[in-house]
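Structure file protein.pdb (PDB, C-alpha atoms) follows.
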ATOM      1  CA  MET W   8     -19.764  48.652  28.772
ATOM      2  CA  ASP W   9     -21.207  52.158  28.976
ATOM      3  CA  PRO W  10     -22.933  53.156  25.677
ATOM      4  CA  ASN W  11     -21.973  56.804  26.211
ATOM      5  CA  LYS W  12     -18.272  55.868  26.145
ATOM      6  CA  MET W  13     -18.434  54.088  22.749
ATOM      7  CA  PRO W  14     -16.732  55.950  19.848
ATOM      8  CA  ASN W  15     -19.852  55.894  17.657
ATOM      9  CA  ALA W  16     -22.304  56.839  20.449
ATOM     10  CA  PRO W  17     -24.486  59.931  19.898
ATOM     11  CA  PRO W  18     -23.606  63.060  21.829
ATOM     12  CA  PRO W  19     -25.147  63.448  25.286
ATOM     13  CA  GLY W  20     -28.608  65.006  25.266
ATOM     14  CA  TRP W  21     -29.432  63.788  21.745
ATOM     15  CA  ASN W  22     -33.041  62.753  21.281
ATOM     16  CA  PRO W  23     -33.601  60.376  18.339
ATOM     17  CA  ASP W  24     -37.302  61.327  18.133
ATOM     18  CA  GLU W  25     -36.530  65.004  17.689
ATOM     19  CA  LYS W  26     -35.312  65.814  14.211
ATOM     20  CA  SER W  27     -36.411  69.434  14.005
ATOM     21  CA  GLY W  28     -32.785  70.526  14.260
ATOM     22  CA  MET W  29     -32.141  69.172  10.780
ATOM     23  CA  GLY W  30     -34.168  71.909   9.131
ATOM     24  CA  GLN W  31     -35.681  69.630   6.480
ATOM     25  CA  PRO W  32     -39.282  68.521   6.117
ATOM     26  CA  ALA W  33     -40.216  64.869   6.373
ATOM     27  CA  PRO W  34     -40.172  63.001   3.048
ATOM     28  CA  PRO W  35     -43.480  62.215   1.309
ATOM     29  CA  PRO W  36     -44.930  58.727   1.751
ATOM     30  CA  TYR W  37     -43.725  56.098  -0.696
ATOM     31  CA  GLN W  38     -45.974  55.216  -3.637
ATOM     32  CA  ASP W  39     -45.274  52.681  -6.375
ATOM     33  CA  HIS W  40     -47.442  54.508  -8.892
ATOM     34  CA  PRO W  41     -48.134  58.111  -7.868
ATOM     35  CA  GLN W  42     -50.588  58.536 -10.761
ATOM     36  CA  TYR W  43     -52.806  55.799  -9.220
ATOM     37  CA  PRO W  44     -53.138  56.585  -5.517
ATOM     38  CA  ASN W  45     -54.625  53.909  -3.273
ATOM     39  CA  THR W  46     -54.511  51.252  -5.996
ATOM     40  CA  GLY W  47     -56.145  48.113  -4.628
ATOM     41  CA  TYR W  48     -57.436  49.811  -1.493
ATOM     42  CA  PRO W  49     -60.858  51.352  -0.805
ATOM     43  CA  VAL W  50     -61.106  55.114  -1.115
ATOM     44  CA  PRO W  51     -61.555  56.660   2.373
ATOM     45  CA  ALA W  52     -64.752  58.575   3.063
ATOM     46  CA  GLY W  53     -64.506  62.238   2.143
ATOM     47  CA  TYR W  54     -61.550  61.675  -0.210
ATOM     48  CA  PRO W  55     -62.079  62.371  -3.923
ATOM     49  CA  ALA W  56     -62.144  59.113  -5.885
ATOM     50  CA  ASN W  57     -60.160  60.584  -8.788
ATOM     51  CA  PRO W  58     -57.776  63.301  -7.509
ATOM     52  CA  GLN W  59     -56.091  65.632 -10.000
ATOM     53  CA  GLY W  60     -58.053  64.178 -12.927
ATOM     54  CA  TYR W  61     -56.005  60.984 -13.324
ATOM     55  CA  ALA W  62     -57.547  58.219 -15.369
ATOM     56  CA  PRO W  63     -58.268  54.973 -13.534
ATOM     57  CA  PRO W  64     -55.803  52.112 -14.045
ATOM     58  CA  PRO W  65     -56.426  49.925 -17.099
ATOM     59  CA  GLN W  66     -58.722  46.930 -16.723
ATOM     60  CA  TYR W  67     -57.068  43.652 -17.717
ATOM     61  CA  GLY W  68     -58.727  40.491 -18.872
ATOM     62  CA  GLY W  69     -61.856  42.099 -20.289
ATOM     63  CA  ALA W  70     -64.996  40.493 -21.599
ATOM     64  CA  PRO W  71     -64.588  37.355 -23.705
ATOM     65  CA  GLY W  72     -64.462  38.285 -27.379
ATOM     66  CA  ALA W  73     -63.936  41.991 -26.620
ATOM     67  CA  PRO W  74     -60.683  43.714 -27.643
ATOM     68  CA  TYR W  75     -57.890  43.443 -25.112
ATOM     69  CA  GLY W  76     -58.339  45.738 -22.139
ATOM     70  CA  GLN W  77     -62.032  46.438 -22.701
ATOM     71  CA  PRO W  78     -64.052  46.171 -19.481
ATOM     72  CA  TYR W  79     -67.052  43.895 -19.049
ATOM     73  CA  PRO W  80     -70.442  45.385 -19.947
ATOM     74  CA  GLN W  81     -72.427  46.767 -17.027
ATOM     75  CA  GLY W  82     -73.630  44.000 -14.685
ATOM     76  CA  GLN W  83     -71.848  41.120 -16.463
ATOM     77  CA  TYR W  84     -68.880  40.258 -14.268
ATOM     78  CA  PRO W  85     -67.381  36.804 -13.841
ATOM     79  CA  GLN W  86     -67.725  35.298 -10.418
ATOM     80  CA  GLY W  87     -65.356  36.955  -7.945
ATOM     81  CA  GLN W  88     -64.533  39.977 -10.154
ATOM     82  CA  TYR W  89     -65.995  43.378  -9.494
ATOM     83  CA  PRO W  90     -65.251  46.776 -11.034
ATOM     84  CA  GLN W  91     -62.993  49.085  -9.097
ATOM     85  CA  GLY W  92     -64.675  50.496  -6.008
ATOM     86  CA  GLN W  93     -67.756  48.205  -6.199
ATOM     87  CA  TYR W  94     -66.712  45.353  -3.915
ATOM     88  CA  PRO W  95     -69.347  43.652  -1.766
ATOM     89  CA  GLN W  96     -69.441  44.884   1.806
ATOM     90  CA  GLY W  97     -66.331  43.798   3.726
ATOM     91  CA  GLU W  98     -64.616  42.169   0.707
ATOM     92  CA  TYR W  99     -61.493  43.750  -0.703
ATOM     93  CA  HIS W 100     -59.275  41.897  -3.150
ATOM     94  CA  GLN W 101     -55.700  42.775  -3.874
ATOM     95  CA  SER W 102     -53.617  40.860  -6.378
ATOM     96  CA  THR W 103     -50.176  39.678  -5.348
ATOM     97  CA  VAL W 104     -47.201  39.218  -7.647
ATOM     98  CA  THR W 105     -44.408  36.908  -6.558
ATOM     99  CA  VAL W 106     -41.031  37.501  -8.181
ATOM    100  CA  GLN W 107     -38.473  34.721  -8.112
ATOM    101  CA  PRO W 108     -34.834  35.763  -7.656
ATOM    102  CA  THR W 109     -32.408  35.202 -10.515
ATOM    103  CA  VAL W 110     -30.167  32.212  -9.910
ATOM    104  CA  PHE W 111     -26.678  32.185 -11.396
ATOM    105  CA  VAL W 112     -25.097  28.748 -11.583
ATOM    106  CA  THR W 113     -21.343  28.756 -11.316
ATOM    107  CA  HIS W 114     -19.107  25.755 -11.553
ATOM    108  CA  GLY W 115     -16.303  25.200  -9.102
ATOM    109  CA  ALA W 116     -12.989  23.598  -9.911
ATOM    110  CA  LEU W 117     -13.021  19.892 -10.746
ATOM    111  CA  PRO W 118     -12.362  17.720  -7.676
ATOM    112  CA  TYR W 119     -10.001  15.525  -9.731
ATOM    113  CA  PRO W 120      -8.431  17.803 -12.356
ATOM    114  CA  LEU W 121      -7.122  16.243 -15.542
ATOM    115  CA  PRO W 122      -3.405  16.617 -16.400
ATOM    116  CA  ASP W 123      -2.714  19.700 -18.488
ATOM    117  CA  TYR W 124       0.825  18.766 -19.688
ATOM    118  CA  LEU W 125       1.924  22.400 -19.478
ATOM    119  CA  GLY W 126       5.590  21.674 -18.718
ATOM    120  CA  TYR W 127       5.693  18.995 -21.420
ATOM    121  CA  SER W 128       4.229  21.502 -23.910
ATOM    122  CA  ILE W 129       6.816  24.152 -23.065
ATOM    123  CA  PHE W 130       9.627  21.591 -23.473
ATOM    124  CA  THR W 131       8.366  20.349 -26.867
ATOM    125  CA  MET W 132       7.826  23.918 -28.050
ATOM    126  CA  LEU W 133      11.388  24.997 -27.178
ATOM    127  CA  CYS W 134      13.365  21.812 -27.852
ATOM    128  CA  CYS W 135      11.531  19.608 -30.350
ATOM    129  CA  CYS W 136       9.023  21.054 -32.816
ATOM    130  CA  LEU W 137       7.959  24.681 -32.521
ATOM    131  CA  PRO W 138       4.606  24.596 -34.418
ATOM    132  CA  LEU W 139       3.276  21.471 -32.670
ATOM    133  CA  GLY W 140       4.658  22.722 -29.344
ATOM    134  CA  ILE W 141       2.699  25.983 -29.692
ATOM    135  CA  ALA W 142      -0.530  24.065 -30.476
ATOM    136  CA  ALA W 143       0.116  21.744 -27.519
ATOM    137  CA  LEU W 144       0.697  24.774 -25.270
ATOM    138  CA  ILE W 145      -2.652  26.293 -26.333
ATOM    139  CA  TYR W 146      -4.513  23.073 -25.506
ATOM    140  CA  SER W 147      -2.633  22.774 -22.200
ATOM    141  CA  ILE W 148      -3.804  26.231 -21.165
ATOM    142  CA  SER W 149      -7.342  25.346 -22.302
ATOM    143  CA  THR W 150      -7.213  22.229 -20.116
ATOM    144  CA  ARG W 151      -6.103  24.254 -17.109
ATOM    145  CA  ASP W 152      -8.935  26.779 -17.609
ATOM    146  CA  ALA W 153     -11.533  23.999 -18.004
ATOM    147  CA  ASN W 154     -10.250  22.325 -14.812
ATOM    148  CA  ASN W 155     -10.620  25.592 -12.879
ATOM    149  CA  GLN W 156     -14.115  26.303 -14.248
ATOM    150  CA  GLY W 157     -15.432  22.766 -13.710
ATOM    151  CA  HIS W 158     -15.993  21.836 -17.377
ATOM    152  CA  GLN W 159     -15.215  18.111 -17.394
ATOM    153  CA  GLN W 160     -15.782  17.381 -21.104
ATOM    154  CA  VAL W 161     -13.761  20.356 -22.355
ATOM    155  CA  ALA W 162     -10.930  19.442 -19.977
ATOM    156  CA  GLU W 163     -10.901  15.821 -21.209
ATOM    157  CA  ARG W 164     -10.796  16.817 -24.880
ATOM    158  CA  SER W 165      -8.124  19.506 -24.409
ATOM    159  CA  SER W 166      -5.972  17.232 -22.230
ATOM    160  CA  ARG W 167      -6.132  14.422 -24.791
ATOM    161  CA  LEU W 168      -5.202  16.761 -27.675
ATOM    162  CA  ALA W 169      -2.343  18.338 -25.687
ATOM    163  CA  ARG W 170      -0.933  14.865 -24.950
ATOM    164  CA  ILE W 171      -1.213  13.744 -28.600
ATOM    165  CA  LEU W 172       0.426  16.940 -29.889
ATOM    166  CA  ASN W 173       3.222  16.694 -27.313
ATOM    167  CA  HIS W 174       3.953  13.054 -28.201
ATOM    168  CA  SER W 175       3.943  13.929 -31.920
ATOM    169  CA  ALA W 176       6.238  16.918 -31.389
ATOM    170  CA  LEU W 177       8.609  14.812 -29.275
ATOM    171  CA  GLY W 178       8.656  12.059 -31.937
ATOM    172  CA  ILE W 179       9.389  14.576 -34.689
ATOM    173  CA  GLY W 180      12.075  16.208 -32.562
ATOM    174  CA  ILE W 181      13.806  12.896 -31.767
ATOM    175  CA  THR W 182      13.631  11.860 -35.446
ATOM    176  CA  VAL W 183      15.194  15.166 -36.562
ATOM    177  CA  ILE W 184      17.970  14.829 -33.980
ATOM    178  CA  ILE W 185      18.732  11.206 -35.034
ATOM    179  CA  LEU W 186      18.766  12.179 -38.723
ATOM    180  CA  TYR W 187      21.077  15.090 -37.941
ATOM    181  CA  ILE W 188      23.483  12.795 -36.040
ATOM    182  CA  VAL W 189      23.481  10.242 -38.902
ATOM    183  CA  TYR W 190      24.092  13.018 -41.417
ATOM    184  CA  VAL W 191      27.030  14.401 -39.392
ATOM    185  CA  VAL W 192      28.565  10.896 -38.991
ATOM    186  CA  ILE W 193      28.240  10.122 -42.703
ATOM    187  CA  LEU W 194      29.602  13.551 -43.648
ATOM    188  CA  ALA W 195      32.503  13.070 -41.208
ATOM    189  CA  LYS W 196      33.424   9.679 -42.814
ATOM    190  CA  ASN W 197      33.314  11.186 -46.316
ATOM    191  CA  ILE W 198      35.686  13.973 -45.310
ATOM    192  CA  HIS W 199      38.345  11.572 -43.895
TER     193      HIS W 199
END

Now that the file is in, can you turn its structure into structure tokens?
Amino acid sequence: MDPNKMPNAPPPGWNPDEKSGMGQPAPPPYQDHPQYPNTGYPVPAGYPANPQGYAPPPQYGGAPGAPYGQPYPQGQYPQGQYPQGQYPQGEYHQSTVTVQPTVFVTHGALPYPLPDYLGYSIFTMLCCCLPLGIAALIYSISTRDANNQGHQQVAERSSRLARILNHSALGIGITVIILYIVYVVILAKNIH
């Protein structure tokens, strides 16, 4: 396939190395800390060691017993540590910081979800005992959410409570219906 025929191809005669047509200067080089140029690197010959009057970076881990951040007295450096700019010939040390990425642990749905008794809860709420049916419906929804989020213990507890509340509501509903039928039959006999 010809690259000049592609819809996102640059126009003919375009030179990627030539950007003078943009009319903008090149951006400045990237620096983590512009107030501390060349941090960790030797100062090139002929370059001022402290441009623009900036203070040198703070010294960490000072002399034992000295206040935090105080440098070692002249000539008393632990092995392998040298003041800034006074490294032995050919030795330059640069510290490295490794940052670990943040790990977010998410749970997937349970492979074997527990029963949520949602239909049973709706039936007991509408036909048997409204207050227990509402409580059973709340625990049924909680079971469904725990199943989807992978929380096994919460799903087990909510499922068990939804089942107990549904059975209780059904028992109360059946008892009320039986008592109502007995009352109607006894009332019917007393009238005749």

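As for atom CA of W:Tyr124 and atom CA of W:Ala142, they are spaced 12.1 Å apart.
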
So which residues get picked by the PyMOL selection byres ((chain W and resi 175-188) around 8) here, written as a list in words? Thr131, Met132, Cys134, Cys135, Cys136, Leu139, Gly140, Ile171, Leu172, Asn173, His174, Val189, Tyr190, Val191 and Val192 of chain W

For C-alpha atoms, I'd like the residues from the last selection saved as a PDB file, in the coordinates of the input.
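In the end it all went to out.pdb:
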ATOM      1  CA  THR W 131       8.366  20.349 -26.867  1.00  0.00           C
ATOM      2  CA  MET W 132       7.826  23.918 -28.050  1.00  0.00           C
ATOM      3  CA  CYS W 134      13.365  21.812 -27.852  1.00  0.00           C
ATOM      4  CA  CYS W 135      11.531  19.608 -30.350  1.00  0.00           C
ATOM      5  CA  CYS W 136       9.023  21.054 -32.816  1.00  0.00           C
ATOM      6  CA  LEU W 139       3.276  21.471 -32.670  1.00  0.00           C
ATOM      7  CA  GLY W 140       4.658  22.722 -29.344  1.00  0.00           C
ATOM      8  CA  ILE W 171      -1.213  13.744 -28.600  1.00  0.00           C
ATOM      9  CA  LEU W 172       0.426  16.940 -29.889  1.00  0.00           C
ATOM     10  CA  ASN W 173       3.222  16.694 -27.313  1.00  0.00           C
ATOM     11  CA  HIS W 174       3.953  13.054 -28.201  1.00  0.00           C
ATOM     12  CA  VAL W 189      23.481  10.242 -38.902  1.00  0.00           C
ATOM     13  CA  TYR W 190      24.092  13.018 -41.417  1.00  0.00           C
ATOM     14  CA  VAL W 191      27.030  14.401 -39.392  1.00  0.00           C
ATOM     15  CA  VAL W 192      28.565  10.896 -38.991  1.00  0.00           C
TER      16      VAL W 192
END

Once 4 Å is added on each side, what are the centre and the three edge lengths, in Å to one decimal, of the axis-aligned box enclosing the listed atoms of stretch 107-120 of chain W? Present them as JSON.
{"center_x": -23.5, "center_y": 25.6, "center_z": -10.0, "size_x": 38.0, "size_y": 28.2, "size_z": 12.7}

Report, in Å to a single decimal, how far apart atom CA of W:Gly115 and atom CA of W:Tyr127 are.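 If I compute the distance from atom CA of W:Tyr127 to atom CA of W:Gly115, I get 26.0 Å.
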
I would like the residues chosen by the PyMOL selection byres ((chain W and resi 154) around 9) on the shown file; could you give them as a ChimeraX atom specification? /W:115-121,123,149-153,155-159,161-162

Export C-alpha atoms of the chosen residues as a short mmCIF file (atom, residue, chain, number, x, y, z; two decimals), in the frame of the given file?
data_model
loop_
_atom_site.label_atom_id
_atom_site.label_comp_id
_atom_site.auth_asym_id
_atom_site.auth_seq_id
_atom_site.Cartn_x
_atom_site.Cartn_y
_atom_site.Cartn_z
CA GLY W 115 -16.30 25.20 -9.10
CA ALA W 116 -12.99 23.60 -9.91
CA LEU W 117 -13.02 19.89 -10.75
CA PRO W 118 -12.36 17.72 -7.68
CA TYR W 119 -10.00 15.52 -9.73
CA PRO W 120 -8.43 17.80 -12.36
CA LEU W 121 -7.12 16.24 -15.54
CA ASP W 123 -2.71 19.70 -18.49
CA SER W 149 -7.34 25.35 -22.30
CA THR W 150 -7.21 22.23 -20.12
CA ARG W 151 -6.10 24.25 -17.11
CA ASP W 152 -8.94 26.78 -17.61
CA ALA W 153 -11.53 24.00 -18.00
CA ASN W 155 -10.62 25.59 -12.88
CA GLN W 156 -14.12 26.30 -14.25
CA GLY W 157 -15.43 22.77 -13.71
CA HIS W 158 -15.99 21.84 -17.38
CA GLN W 159 -15.22 18.11 -17.39
CA VAL W 161 -13.76 20.36 -22.36
CA ALA W 162 -10.93 19.44 -19.98
#

Just to confirm, what's the straight-line distance from atom CA of W:Ser165 to atom CA of W:Tyr146 in Å (one decimal)?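 Between atom CA of W:Ser165 and atom CA of W:Tyr146 the gap is 5.2 Å.
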